[in-house]
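> Before we start, here is the structure in question, set down as structure tokens.
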Amino acid sequence: MPRPVDANDVASDVVIELREVVATLGQFPALSGATMQVDRGDIVLLRGSNGAGKTTLLRLCAGLLPVARGTASVLGHDLVTERDLVRPHVGLLGHQNGLYSDLTVAENVRFWAATVGASSDEVDAAMERMGVAGRLAGVAVAKLSAGQKRRTALAALVARRAQLWLLDEPHAGLDQLGREELDSTLRQAAASGATILVASHELDRAESLATRTIDVIAGQTHDAGESK
Amino acid sequence: MPRPVDANDVASDVVIELREVVATLGQFPALSGATMQVDRGDIVLLRGSNGAGKTTLLRLCAGLLPVARGTASVLGHDLVTERDLVRPHVGLLGHQNGLYSDLTVAENVRFWAATVGASSDEVDAAMERMGVAGRLAGVAVAKLSAGQKRRTALAALVARRAQLWLLDEPHAGLDQLGREELDSTLRQAAASGATILVASHELDRAESLATRTIDVIAGQTHDAGESK
Amino acid sequence: MTTTDPDNTSTTSVVGGSRSTGTKATRVIGVAMVVAMGWLVLFGLVLSPADVNQGESVRLLYIHVPTIWIAYLSFVVTAVSSGIYLFTKKHSLGWDRLAGASGEFGVAFVALTLLVGSMWGRLTWGVFWQWDARLTTTALLFVTYIGYLAVRRLGGSHHQRAKRSAVVGLLAVLLIPLVHWSVVIWRSLHQTASVLDTDGDIDMDGTMLFTLFVGVVAFTLLYIWLVLHRTRAMAMEDMLEDRGLDIALAERRAEGVAR
Amino acid sequence: MSALKVAWLIAKKDLQVERRSRIITNQVVPFAGVTMVIFGFALDANTDVLALVAPGLVWLATMFSLLLLVQRTFSVEADDGALDAMRVAGVDARAIFLGKAFGLVIQLLALEVLLLFAAVVLYGETIRLSGAVLLVTTMISATCGLAAVGTLYGGLAAGSKGRETLLPLLTLPAVAPVLIGATRAVESALGTGAAELSDGWQWVSLLTVFAVAFGVGGALAFGPLIDE
Amino acid sequence: MSALKVAWLIAKKDLQVERRSRIITNQVVPFAGVTMVIFGFALDANTDVLALVAPGLVWLATMFSLLLLVQRTFSVEADDGALDAMRVAGVDARAIFLGKAFGLVIQLLALEVLLLFAAVVLYGETIRLSGAVLLVTTMISATCGLAAVGTLYGGLAAGSKGRETLLPLLTLPAVAPVLIGATRAVESALGTGAAELSDGWQWVSLLTVFAVAFGVGGALAFGPLIDE
Ligand code: HEM
Ligand SMILES: Nc1ncnc2c1ncn2[C@@H]1O[C@H](COP(=O)(O)OP(=O)(O)OP(=O)(O)O)[C@@H](O)[C@H]1O
Ligand SMILES: Nc1ncnc2c1ncn2[C@@H]1O[C@H](COP(=O)(O)OP(=O)(O)OP(=O)(O)O)[C@@H](O)[C@H]1O
Ligand SMILES: [Mg+2]
Ligand SMILES: [Mg+2]
């Protein structure tokens, strides 16, 4: 599912490499020394209590936060100096959905897909997949329920075919069907070479999905091993 | 835990009674004929797919939406004409938290408790319970993680000691400890006479918590029977 | 589509089962209005004399003054029916529709006043607009009721629309005294009250006064005729929305069965 | 709890939010200052004209600042659904109105003093002792009127989308009489363009009537306005 | 995809949002109208002065409307984290800048035409044919300058809290040169106060330099500004 990768990206199979990374929010060191390595095709569960730093870690990998100390590289590029090379291949679903509430579902998904040059077939497929095709496609996002919004955001993400998916509590708000669909989409993406990080509190579901688990404790990462 | 009830409130044990209630959002009949009855002390799980109308049902019971057709009464009062009598006894946790991001956790909880005249002991107990006492109490809400915000909103709700609790996906965003704590708080409240409605997609957890389940399907309610 | 449905209690009574917004009464008023308008044209353009100072342009008076008075009337009707909606137990939407219809035509009439007034100003003062207190307050009145109409279009349920706009309608009417007495308060260069003067003696040519009277009658009839039709049309719109709700309800329920 | 006590709670909360965020001190005051300087420019820096129209400009700048303040005070409520939460909590709508209006009055008064001072410095306006009582009375009654209108329409616009721009449309024409009255009264107080001191008081009575009408009307109407 | 193509996508999206929400048509235009009426008041209804300063007032009203428009266009981006999403998606910052600025230019031009028309009616301004070219050139170059400044600072303020009030503080002083230049140029175009037609062109060159400086500077600076 992810787009064909150019030569320097496949140089190594290490997709994320953090070494003693410190990142601050305001004065607060939300990441206080994260060291981790994620390989291509991994589905990694980030586990940790509220305020542990999962969201911060994901945003850092997406290049939204500065690295205060340590070194970080994503997809073989340095996260600080080569940010522009990293971003086109990364997709993030944060706590917010990033949708324009005045536009319809289809317009939103199409807009996001267009910014990365995805084809309209992919857009339709993604919307179908996340269950927002049909009647909902023409409804303004402002008029959706919480779960329907989340599905739309996921559809926009799926249409992007990123190489690295960063998902912050993707299951929250989805109904049973949506969860199944999402999990199978993620498994499929991973199988075709994407790398996926999922922060989640729904351990039962997430643990069965993930191939590895990393515990985030007070801003530090601890490898909890393979889960499958 | 709920506050002492005055005479007309205990007249009957039926806390919520809806008959063929229709409620619209814009032109859309989000509730298309909800009929249900909830008794004092019940913990009711509202189950349903995305867009089924769970949030709408909860907001209607909180008196935030007009009743387009049908009749609705809450705590023995008509939901349309006697709204002012109903509200002081109802607590709602919606998809949004209702917090002031510039104020600290403690200031927020105190403000909401003060508007309903809760004592400062209750405030402290509620914050302790939801794990936002201590260091977090003095932190501005803007600087909290998603789960910490949710905990703060729950603390403000717990401090209110409402008779009817309406919770829209209360588990979303909470970590394992927070979930346990929340469930035990809810059980305790129900045991001391509060009535609780929970909309949730985390069926495993919610089904073990609830005493009854109601399915919401396309804006209509279907009783799915006692669960315990 | 416009046939009535016994289920729609709130609107059927107003529409009364007819297919158009007209009734016998409105047709009578319509005919009277047309006659009065003809009369006004006759008196205004032919029979009344030109003014000593203003010449032929004085004939604009017969539109200018009646339109603003009818606008006042519309806004007062809006306020009164808003008040009735808000303060009676029944909260009948009929009053809200009357308020809305009246507000709409009030805005239209003020727009006419502004238009005719500024044309008149061009003829007599040489400019379209003066920063005169009355002109400015009239402009404010206009904008205020545009705001009122905007509030009506905010969306939400009919009662929500009614409540919100009733509040605005009640407060906005306070501007009318300000417009009326603006000439006194600010020593304006606009014509001070000469017809509705406080001392009671009317200093105006008899024919002119009579023509003005005809104008007021004609525009009042026009106003009544328009408002009657518009309230009926609004009732139908509301009813169509209710009908739309029935259809939407059926669809939504079917969606549940389909699963 | 009595409505007045709740109103005081709300006003205190608003002032606290302001103290934390320092929006007025850091941003609205400079904005108003810049507005006054720019007026000077637009009027060709003709000092004679400027001194004549200074009272008008002070009130004009106040009015534009009012819009900012109202917008801010209601976005604080609407951002995270706090206004809904207040409604569910059964907080008396009159208390909300009075509380928020009182918070605004305090903030506006502080601003006006500064603007008046700016007028003295920038436009060479002079303040005479004999007019001090009139000046203070005018400022207080005009400010109450402005705050009442601002709160009323701010609340009306708060729930609806596009509120940022509905607010000025409703507020500006409504406060125009205040602008006119207060300008004339301040002219009398300062003796601008040989205005008589005695003339000022009749304007003050107009302002007071306005403030009372909108204050009482607003308090009564606020419930229906924000409800549903 | 080329930056220009993405910029066009973004501008199209912005205009679509506007078409859906009709904020400008229904609310900004009346707001600007009221502003002009109120200026008339504040200036004491002195028609001679008014006709003289009318060009200045048109631009002043445009500037205030600019603030509303910029605020709106960036709150659309920031409300649900869409700006973050764009950054993660690796959308070229220059494209974002150009796209949003272009959307603003279109909206502002439409507004200015209306305001000019209002000035003709309200302030008794007259337009002469010989000045038409100058008038149009002035409007276009001034508008480009305004849009560039607005977009630049709108983006800067978008992420930070209290953005509503940071924006005017930054924007107003920055556009003051435009205000002055455009006013003089329009005076020349209309022949207000016996201004020479030829004088106008030197102002236009000033405006153009300003627009180019802020346009190019903004496009280059926008990335660093919204990043991190
Ligand atoms: C845009 C321009 C104008 C506006 C907005 C305007 C507005 C008004 C208003 C609101 C009234 C009603 C006053 C009341 O009874 O409360 C009025 C009355 C009147 N206007 Fe005008 N006016 C305009 C121009 C003119 C001009 C140019 C003239 C004539 C030179 C004029 C002559 C009159 C007269 C004679 C009355 C009747 C006064 C009375 O008996 O009360 N108006 N106008
Ligand atoms: N503002 C609105 N205007 C029109 N329709 C709306 C609006 N908000 C929600 N809806 C529609 O109403 C229906 C019910 O929404 P509601 O939020 O109650 O669903 P829900 O059961 O809470 O779903 P979720 O599990 O996703 O939170 C949905 O189909 C949604 O599309
Ligand atoms: N803007 C901020 N300024 C200062 N500290 C912050 C800010 N935002 C978050 N924090 C702190 O940073 C820490 C990590 O936050 P983060 O959002 O990464 O947690 P999380 O693991 O995602 O938690 P959750 O499970 O609740 O979403 C928290 O302790 C929080 O209090
Ligand atoms: Mg998080
Ligand atoms: Mg929901």
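Residues are named by chain letter and number: chains run A, B, ... in the order of the structure tokens, numbers start at 1 in each chain, and ligands are numbered from 1 in the order shown.
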For chain C against chain B, which residues fall within 10 Å using only C-alpha atoms, given as a VMD selection string?
chain C and resid 155 to 160 241 to 242 244 to 259
> Select the residues contacting ligand 3 at a distance of at most 10 Å, based on only C-alpha atoms and all ligand atoms, then format the selection as a PyMOL selection string.
(chain A and resi 23-31+46-60+94-95+168-169+199-201+216-219) or (chain B and resi 135-136+139-151+172-176)
> Residues of chain B within 10 Å of chain D, using only C-alpha atoms, as a PyMOL selection string?
chain B and resi 59-67+83-104+107-108+111-117+140+157+160+162
> Please, could you write that set of residues out with N, CA and C atoms as a compact mmCIF listing (two decimals), in the first residue's frame?

# COMPACT_ATOMS: atom_id res chain seq x y z
N ARG B 59 -27.42 14.05 25.22
CA ARG B 59 -27.60 15.50 25.27
C ARG B 59 -29.08 15.85 25.45
N LEU B 60 -29.93 15.05 24.85
CA LEU B 60 -31.36 15.29 25.04
C LEU B 60 -31.74 15.11 26.51
N CYS B 61 -31.24 14.02 27.11
CA CYS B 61 -31.57 13.78 28.52
C CYS B 61 -31.02 14.88 29.42
N ALA B 62 -29.92 15.52 28.99
CA ALA B 62 -29.34 16.60 29.78
C ALA B 62 -30.10 17.91 29.57
N GLY B 63 -31.12 17.88 28.69
CA GLY B 63 -31.88 19.10 28.44
C GLY B 63 -31.18 20.08 27.53
N LEU B 64 -30.22 19.58 26.75
CA LEU B 64 -29.52 20.49 25.85
C LEU B 64 -30.17 20.57 24.47
N LEU B 65 -31.09 19.66 24.20
CA LEU B 65 -31.72 19.65 22.88
C LEU B 65 -33.22 19.73 23.03
N PRO B 66 -33.88 20.38 22.10
CA PRO B 66 -35.34 20.43 22.17
C PRO B 66 -35.94 19.08 21.75
N VAL B 67 -37.07 18.76 22.33
CA VAL B 67 -37.80 17.55 21.97
C VAL B 67 -38.74 17.91 20.82
N ARG B 83 -37.49 22.19 32.65
CA ARG B 83 -36.06 21.99 32.48
C ARG B 83 -35.25 22.50 33.68
N ASP B 84 -35.67 23.65 34.21
CA ASP B 84 -34.90 24.24 35.30
C ASP B 84 -34.89 23.37 36.55
N LEU B 85 -35.93 22.55 36.70
CA LEU B 85 -35.97 21.68 37.87
C LEU B 85 -35.09 20.45 37.67
N VAL B 86 -34.92 20.07 36.42
CA VAL B 86 -34.16 18.86 36.12
C VAL B 86 -32.66 19.10 36.25
N ARG B 87 -32.22 20.20 35.65
CA ARG B 87 -30.79 20.39 35.44
C ARG B 87 -29.90 20.33 36.67
N PRO B 88 -30.32 20.92 37.78
CA PRO B 88 -29.39 20.91 38.90
C PRO B 88 -29.01 19.49 39.35
N HIS B 89 -29.76 18.49 38.90
CA HIS B 89 -29.48 17.13 39.37
C HIS B 89 -28.80 16.27 38.33
N VAL B 90 -28.47 16.86 37.19
CA VAL B 90 -27.91 16.08 36.10
C VAL B 90 -26.45 16.48 35.85
N GLY B 91 -25.63 15.50 35.62
CA GLY B 91 -24.24 15.79 35.27
C GLY B 91 -23.92 15.14 33.93
N LEU B 92 -23.28 15.90 33.03
CA LEU B 92 -22.99 15.36 31.70
C LEU B 92 -21.49 15.44 31.41
N LEU B 93 -20.93 14.35 30.94
CA LEU B 93 -19.59 14.39 30.37
C LEU B 93 -19.74 14.09 28.90
N GLY B 94 -19.55 15.10 28.05
CA GLY B 94 -19.74 14.90 26.61
C GLY B 94 -18.44 14.54 25.93
N HIS B 95 -18.43 14.69 24.61
CA HIS B 95 -17.18 14.48 23.90
C HIS B 95 -16.19 15.58 24.27
N GLN B 96 -16.70 16.77 24.56
CA GLN B 96 -15.83 17.87 25.01
C GLN B 96 -15.75 17.86 26.53
N ASN B 97 -14.69 18.47 27.06
CA ASN B 97 -14.49 18.40 28.50
C ASN B 97 -15.10 19.56 29.29
N GLY B 98 -15.34 20.68 28.62
CA GLY B 98 -15.89 21.84 29.34
C GLY B 98 -14.94 22.45 30.34
N LEU B 99 -13.66 22.49 30.01
CA LEU B 99 -12.68 23.06 30.94
C LEU B 99 -12.15 24.39 30.41
N TYR B 100 -11.70 25.24 31.32
CA TYR B 100 -11.07 26.50 30.93
C TYR B 100 -9.57 26.27 30.85
N SER B 101 -9.00 26.40 29.65
CA SER B 101 -7.62 25.95 29.49
C SER B 101 -6.62 26.85 30.18
N ASP B 102 -6.99 28.09 30.50
CA ASP B 102 -6.04 28.97 31.18
C ASP B 102 -6.00 28.75 32.68
N LEU B 103 -7.03 28.12 33.21
CA LEU B 103 -7.06 27.89 34.66
C LEU B 103 -6.41 26.55 34.99
N THR B 104 -6.00 26.42 36.25
CA THR B 104 -5.38 25.16 36.65
C THR B 104 -6.46 24.10 36.87
N GLU B 107 -8.45 24.89 39.99
CA GLU B 107 -9.36 26.02 39.80
C GLU B 107 -10.57 25.61 38.98
N ASN B 108 -10.34 24.79 37.97
CA ASN B 108 -11.45 24.31 37.16
C ASN B 108 -12.43 23.49 37.99
N PHE B 111 -14.28 25.62 40.41
CA PHE B 111 -15.29 26.49 39.80
C PHE B 111 -16.57 25.70 39.51
N TRP B 112 -16.42 24.53 38.90
CA TRP B 112 -17.62 23.77 38.56
C TRP B 112 -18.34 23.28 39.81
N ALA B 113 -17.56 22.92 40.83
CA ALA B 113 -18.20 22.48 42.06
C ALA B 113 -18.93 23.63 42.72
N ALA B 114 -18.31 24.83 42.67
CA ALA B 114 -18.92 25.99 43.32
C ALA B 114 -20.24 26.37 42.69
N THR B 115 -20.36 26.22 41.37
CA THR B 115 -21.61 26.61 40.74
C THR B 115 -22.78 25.76 41.23
N VAL B 116 -22.50 24.57 41.74
CA VAL B 116 -23.59 23.77 42.30
C VAL B 116 -23.49 23.65 43.81
N GLY B 117 -22.56 24.43 44.39
CA GLY B 117 -22.50 24.49 45.85
C GLY B 117 -21.91 23.28 46.54
N ALA B 140 -1.89 24.31 34.58
CA ALA B 140 -2.94 24.83 33.71
C ALA B 140 -3.44 23.71 32.79
N LEU B 157 -17.04 16.36 37.45
CA LEU B 157 -18.34 15.71 37.43
C LEU B 157 -18.60 14.98 38.74
N ARG B 160 -19.70 16.96 41.61
CA ARG B 160 -21.06 17.50 41.54
C ARG B 160 -22.07 16.64 42.26
N ALA B 162 -24.18 14.39 41.18
CA ALA B 162 -25.47 14.48 40.51
C ALA B 162 -26.30 13.22 40.79
> Using all C-alpha atoms paired in order, least-squares fit chain D onto chain E and give me the moved copy as a CSV table (one decimal) with C-alpha atoms, in the first residue's frame.

chain,number,residue,atom,x,y,z
D,1,MET,CA,3.3,18.2,-6.9
D,2,SER,CA,4.5,21.7,-7.7
D,3,ALA,CA,4.1,24.3,-5.0
D,4,LEU,CA,2.0,26.5,-7.2
D,5,LYS,CA,-0.5,23.8,-7.9
D,6,VAL,CA,-0.8,23.1,-4.1
D,7,ALA,CA,-1.2,26.8,-3.5
D,8,TRP,CA,-4.0,26.9,-6.0
D,9,LEU,CA,-5.6,23.9,-4.2
D,10,ILE,CA,-5.4,25.7,-0.9
D,11,ALA,CA,-6.8,28.9,-2.3
D,12,LYS,CA,-9.6,27.0,-4.0
D,13,LYS,CA,-10.4,25.3,-0.8
D,14,ASP,CA,-10.5,28.6,1.1
D,15,LEU,CA,-12.9,30.1,-1.4
D,16,GLN,CA,-15.0,27.0,-1.2
D,17,VAL,CA,-15.2,27.3,2.6
D,18,GLU,CA,-16.2,30.9,2.1
D,19,ARG,CA,-18.8,30.0,-0.4
D,20,ARG,CA,-20.3,27.5,2.0
D,21,SER,CA,-20.2,29.6,5.1
D,22,ARG,CA,-21.0,32.9,3.4
D,23,ILE,CA,-19.2,34.7,6.2
D,24,ILE,CA,-18.1,37.5,4.0
D,25,THR,CA,-21.2,38.1,2.1
D,26,ASN,CA,-23.4,38.0,5.2
D,27,GLN,CA,-21.2,39.4,7.8
D,28,VAL,CA,-17.9,41.1,6.9
D,29,VAL,CA,-19.5,43.3,4.2
D,30,PRO,CA,-22.2,44.6,6.5
D,31,PHE,CA,-19.5,45.1,9.2
D,32,ALA,CA,-17.4,47.2,6.9
D,33,GLY,CA,-20.5,49.1,5.9
D,34,VAL,CA,-21.4,49.8,9.5
D,35,THR,CA,-17.9,50.8,10.2
D,36,MET,CA,-18.1,53.4,7.5
D,37,VAL,CA,-21.4,54.8,8.7
D,38,ILE,CA,-20.1,55.0,12.2
D,39,PHE,CA,-17.0,56.9,11.0
D,40,GLY,CA,-19.5,59.3,9.6
D,41,PHE,CA,-21.0,59.7,13.0
D,42,ALA,CA,-17.8,60.0,14.8
D,43,LEU,CA,-16.8,62.8,12.4
D,44,ASP,CA,-19.9,64.7,13.2
D,45,ALA,CA,-21.5,64.1,9.8
D,46,ASN,CA,-19.6,67.0,8.4
D,47,THR,CA,-19.9,66.3,4.7
D,48,ASP,CA,-17.0,68.5,3.6
D,49,VAL,CA,-14.6,66.8,5.9
D,50,LEU,CA,-16.0,63.5,5.1
D,51,ALA,CA,-15.5,63.7,1.3
D,52,LEU,CA,-11.9,64.8,2.0
D,53,VAL,CA,-11.1,61.9,4.3
D,54,ALA,CA,-13.2,59.3,2.4
D,55,PRO,CA,-10.3,57.5,0.7
D,56,GLY,CA,-8.6,57.1,4.1
D,57,LEU,CA,-11.8,55.8,5.6
D,58,VAL,CA,-12.2,53.2,2.9
D,59,TRP,CA,-8.8,51.9,3.6
D,60,LEU,CA,-9.3,52.0,7.3
D,61,ALA,CA,-12.5,49.9,7.0
D,62,THR,CA,-10.6,47.6,4.7
D,63,MET,CA,-7.9,47.1,7.2
D,64,PHE,CA,-10.3,46.3,10.0
D,65,SER,CA,-12.0,43.8,7.7
D,66,LEU,CA,-8.6,42.4,6.9
D,67,LEU,CA,-8.2,41.5,10.5
D,68,LEU,CA,-11.5,39.7,10.5
D,69,LEU,CA,-10.8,37.8,7.4
D,70,VAL,CA,-7.3,36.7,8.5
D,71,GLN,CA,-8.6,35.6,11.8
D,72,ARG,CA,-11.4,33.6,10.1
D,73,THR,CA,-9.1,32.0,7.5
D,74,PHE,CA,-6.7,30.8,10.2
D,75,SER,CA,-9.3,29.7,12.7
D,76,VAL,CA,-10.6,27.5,9.9
D,77,GLU,CA,-7.1,25.9,9.8
D,78,ALA,CA,-6.4,25.8,13.6
D,79,ASP,CA,-9.8,24.7,14.9
D,80,ASP,CA,-9.4,21.1,14.2
D,81,GLY,CA,-5.7,20.8,13.8
D,82,ALA,CA,-5.7,21.1,10.0
D,83,LEU,CA,-2.6,23.3,10.0
D,84,ASP,CA,-0.7,20.6,11.8
D,85,ALA,CA,-2.1,18.1,9.4
D,86,MET,CA,-0.7,20.1,6.5
D,87,ARG,CA,2.7,20.3,8.1
D,88,VAL,CA,2.7,16.5,8.6
D,89,ALA,CA,1.6,16.0,5.1
D,90,GLY,CA,4.7,17.8,4.0
D,91,VAL,CA,2.7,20.5,2.2
D,92,ASP,CA,5.2,23.2,1.1
D,93,ALA,CA,5.0,26.1,3.5
D,94,ARG,CA,5.4,28.5,0.6
D,95,ALA,CA,2.4,26.9,-1.1
D,96,ILE,CA,0.4,27.4,2.1
D,97,PHE,CA,1.4,31.0,2.3
D,98,LEU,CA,0.7,31.8,-1.4
D,99,GLY,CA,-2.6,29.8,-1.3
D,100,LYS,CA,-4.0,31.5,1.7
D,101,ALA,CA,-2.7,34.9,0.6
D,102,PHE,CA,-4.3,34.5,-2.8
D,103,GLY,CA,-7.6,33.5,-1.2
D,104,LEU,CA,-7.5,36.7,0.9
D,105,VAL,CA,-6.7,38.9,-2.1
D,106,ILE,CA,-9.8,37.8,-3.9
D,107,GLN,CA,-12.0,38.3,-0.9
D,108,LEU,CA,-10.5,41.7,-0.1
D,109,LEU,CA,-10.8,43.0,-3.6
D,110,ALA,CA,-14.5,42.2,-3.7
D,111,LEU,CA,-14.9,44.0,-0.4
D,112,GLU,CA,-13.0,47.1,-1.5
D,113,VAL,CA,-15.1,47.5,-4.6
D,114,LEU,CA,-18.2,47.5,-2.3
D,115,LEU,CA,-16.6,49.9,0.1
D,116,LEU,CA,-15.6,52.3,-2.6
D,117,PHE,CA,-19.2,52.2,-3.8
D,118,ALA,CA,-20.4,52.9,-0.3
D,119,ALA,CA,-18.0,55.9,-0.1
D,120,VAL,CA,-19.6,57.3,-3.3
D,121,VAL,CA,-23.1,56.9,-1.9
D,122,LEU,CA,-22.5,57.8,1.7
D,123,TYR,CA,-19.8,60.5,1.5
D,124,GLY,CA,-20.5,61.9,-1.9
D,125,GLU,CA,-17.2,60.9,-3.3
D,126,THR,CA,-16.9,61.0,-7.1
D,127,ILE,CA,-14.9,58.7,-9.3
D,128,ARG,CA,-13.4,60.2,-12.5
D,129,LEU,CA,-12.7,58.2,-15.6
D,130,SER,CA,-9.2,59.5,-16.1
D,131,GLY,CA,-8.1,58.0,-12.7
D,132,ALA,CA,-9.6,54.6,-13.3
D,133,VAL,CA,-6.4,52.9,-14.3
D,134,LEU,CA,-4.5,54.4,-11.3
D,135,LEU,CA,-7.4,53.4,-9.0
D,136,VAL,CA,-7.4,49.8,-10.1
D,137,THR,CA,-3.6,49.5,-10.0
D,138,THR,CA,-3.6,50.9,-6.5
D,139,MET,CA,-6.3,48.6,-5.3
D,140,ILE,CA,-4.5,45.5,-6.6
D,141,SER,CA,-1.1,46.4,-5.3
D,142,ALA,CA,-2.3,47.6,-1.9
D,143,THR,CA,-4.4,44.5,-1.6
D,144,CYS,CA,-1.5,42.2,-2.3
D,145,GLY,CA,0.5,43.9,0.4
D,146,LEU,CA,-2.3,43.7,2.9
D,147,ALA,CA,-2.9,40.0,2.1
D,148,ALA,CA,0.8,39.2,2.4
D,149,VAL,CA,1.1,40.9,5.8
D,150,GLY,CA,-2.1,39.4,7.0
D,151,THR,CA,-1.2,35.8,6.0
D,152,LEU,CA,2.3,36.1,7.5
D,153,TYR,CA,1.2,37.3,10.9
D,154,GLY,CA,-1.9,35.2,10.8
D,155,GLY,CA,0.2,32.1,10.4
D,156,LEU,CA,2.5,33.2,13.2
D,157,ALA,CA,-0.3,33.9,15.6
D,158,ALA,CA,-2.3,30.8,14.6
D,159,GLY,CA,-0.6,28.3,16.9
D,160,SER,CA,-0.4,30.4,20.0
D,161,LYS,CA,-3.1,31.0,22.5
D,162,GLY,CA,-4.5,34.5,22.5
D,163,ARG,CA,-4.0,34.7,18.8
D,164,GLU,CA,-7.1,36.8,18.3
D,165,THR,CA,-5.4,39.7,19.8
D,166,LEU,CA,-1.8,39.2,18.9
D,167,LEU,CA,-2.8,39.4,15.2
D,168,PRO,CA,-3.9,43.1,15.3
D,169,LEU,CA,-0.9,44.1,17.3
D,170,LEU,CA,1.4,42.8,14.7
D,171,THR,CA,-0.6,43.6,11.6
D,172,LEU,CA,-1.8,47.1,12.2
D,173,PRO,CA,1.5,48.8,12.4
D,174,ALA,CA,2.9,46.7,9.6
D,175,VAL,CA,0.1,47.7,7.2
D,176,ALA,CA,0.1,51.4,8.2
D,177,PRO,CA,2.4,52.2,5.3
D,178,VAL,CA,-0.1,50.6,2.9
D,179,LEU,CA,-2.9,52.6,4.5
D,180,ILE,CA,-1.0,55.8,4.0
D,181,GLY,CA,0.2,55.1,0.5
D,182,ALA,CA,-3.1,53.7,-0.8
D,183,THR,CA,-5.0,56.6,0.7
D,184,ARG,CA,-2.8,59.1,-1.1
D,185,ALA,CA,-2.9,57.2,-4.4
D,186,VAL,CA,-6.7,56.9,-4.3
D,187,GLU,CA,-6.9,60.6,-3.5
D,188,SER,CA,-4.9,61.3,-6.6
D,189,ALA,CA,-7.1,58.9,-8.6
D,190,LEU,CA,-10.3,60.5,-7.4
D,191,GLY,CA,-9.0,64.0,-7.4
D,192,THR,CA,-9.9,64.5,-3.7
D,193,GLY,CA,-8.8,67.8,-2.4
D,194,ALA,CA,-7.2,68.7,-5.7
D,195,ALA,CA,-4.6,65.9,-5.6
D,196,GLU,CA,-2.7,65.5,-8.8
D,197,LEU,CA,-3.2,62.4,-10.9
D,198,SER,CA,0.6,62.1,-11.6
D,199,ASP,CA,1.4,62.1,-7.8
D,200,GLY,CA,-0.5,58.8,-7.5
D,201,TRP,CA,1.9,56.7,-9.4
D,202,GLN,CA,4.8,57.2,-7.0
D,203,TRP,CA,2.6,55.9,-4.2
D,204,VAL,CA,1.7,52.9,-6.3
D,205,SER,CA,5.4,52.1,-6.7
D,206,LEU,CA,5.8,52.3,-2.9
D,207,LEU,CA,2.8,50.0,-2.5
D,208,THR,CA,4.3,47.6,-5.0
D,209,VAL,CA,7.6,47.5,-3.3
D,210,PHE,CA,5.8,46.8,0.0
D,211,ALA,CA,3.8,44.0,-1.5
D,212,VAL,CA,6.8,42.4,-3.2
D,213,ALA,CA,8.9,42.6,0.0
D,214,PHE,CA,6.2,41.1,2.2
D,215,GLY,CA,5.1,38.6,-0.5
D,216,VAL,CA,8.6,37.2,-1.1
D,217,GLY,CA,9.7,37.6,2.6
D,218,GLY,CA,6.5,35.9,3.7
D,219,ALA,CA,6.7,33.0,1.3
D,220,LEU,CA,10.3,32.3,2.5
D,221,ALA,CA,9.7,32.9,6.2
D,222,PHE,CA,6.4,31.1,6.5
D,223,GLY,CA,8.0,27.6,6.9
D,224,PRO,CA,10.1,28.5,9.9
D,225,LEU,CA,7.2,30.5,11.3
D,226,ILE,CA,4.6,27.8,11.4
D,227,ASP,CA,7.1,25.0,12.1
D,228,GLU,CA,7.6,23.4,15.4
> Give me every alpha helix (DSSP H) residue in region 15-186 of chain E, going by DSSP on the backbone, as a ChimeraX atom specification.
/E:15-21,23,29-42,47-78,82-88,93-123,132-158,163-186
> Can you pull out every residue with an atom within 9 Å of ligand 1? Use only C-alpha atoms and all ligand atoms and format it as a PyMOL selection string.
chain C and resi 54+57-58+60-61+64-69+72+110-111+113-125+127-130+132+134-139+176-183+190-197
> If we count only C-alpha atoms, what is near region 36-39 of chain C at a cut-off of 9 Å, once residues fewer than 5 positions away on the same chain are taken out, given as a ChimeraX atom specification?
/C:31,44,211,214-215,217-219,221-222
> Could you save the residues just selected, with C-alpha atoms, as a compact mmCIF listing (two decimals), in the first residue's frame?

# COMPACT_ATOMS: atom_id res chain seq x y z
CA VAL C 31 -57.87 45.33 -4.83
CA GLY C 44 -49.03 62.71 -6.24
CA THR C 211 -51.96 63.28 -0.91
CA VAL C 214 -53.54 58.81 0.50
CA GLY C 215 -49.96 57.61 0.34
CA VAL C 217 -53.30 54.53 3.27
CA ALA C 218 -51.95 52.98 0.08
CA PHE C 219 -48.73 51.82 1.66
CA LEU C 221 -52.72 48.38 2.54
CA LEU C 222 -49.67 47.21 0.63
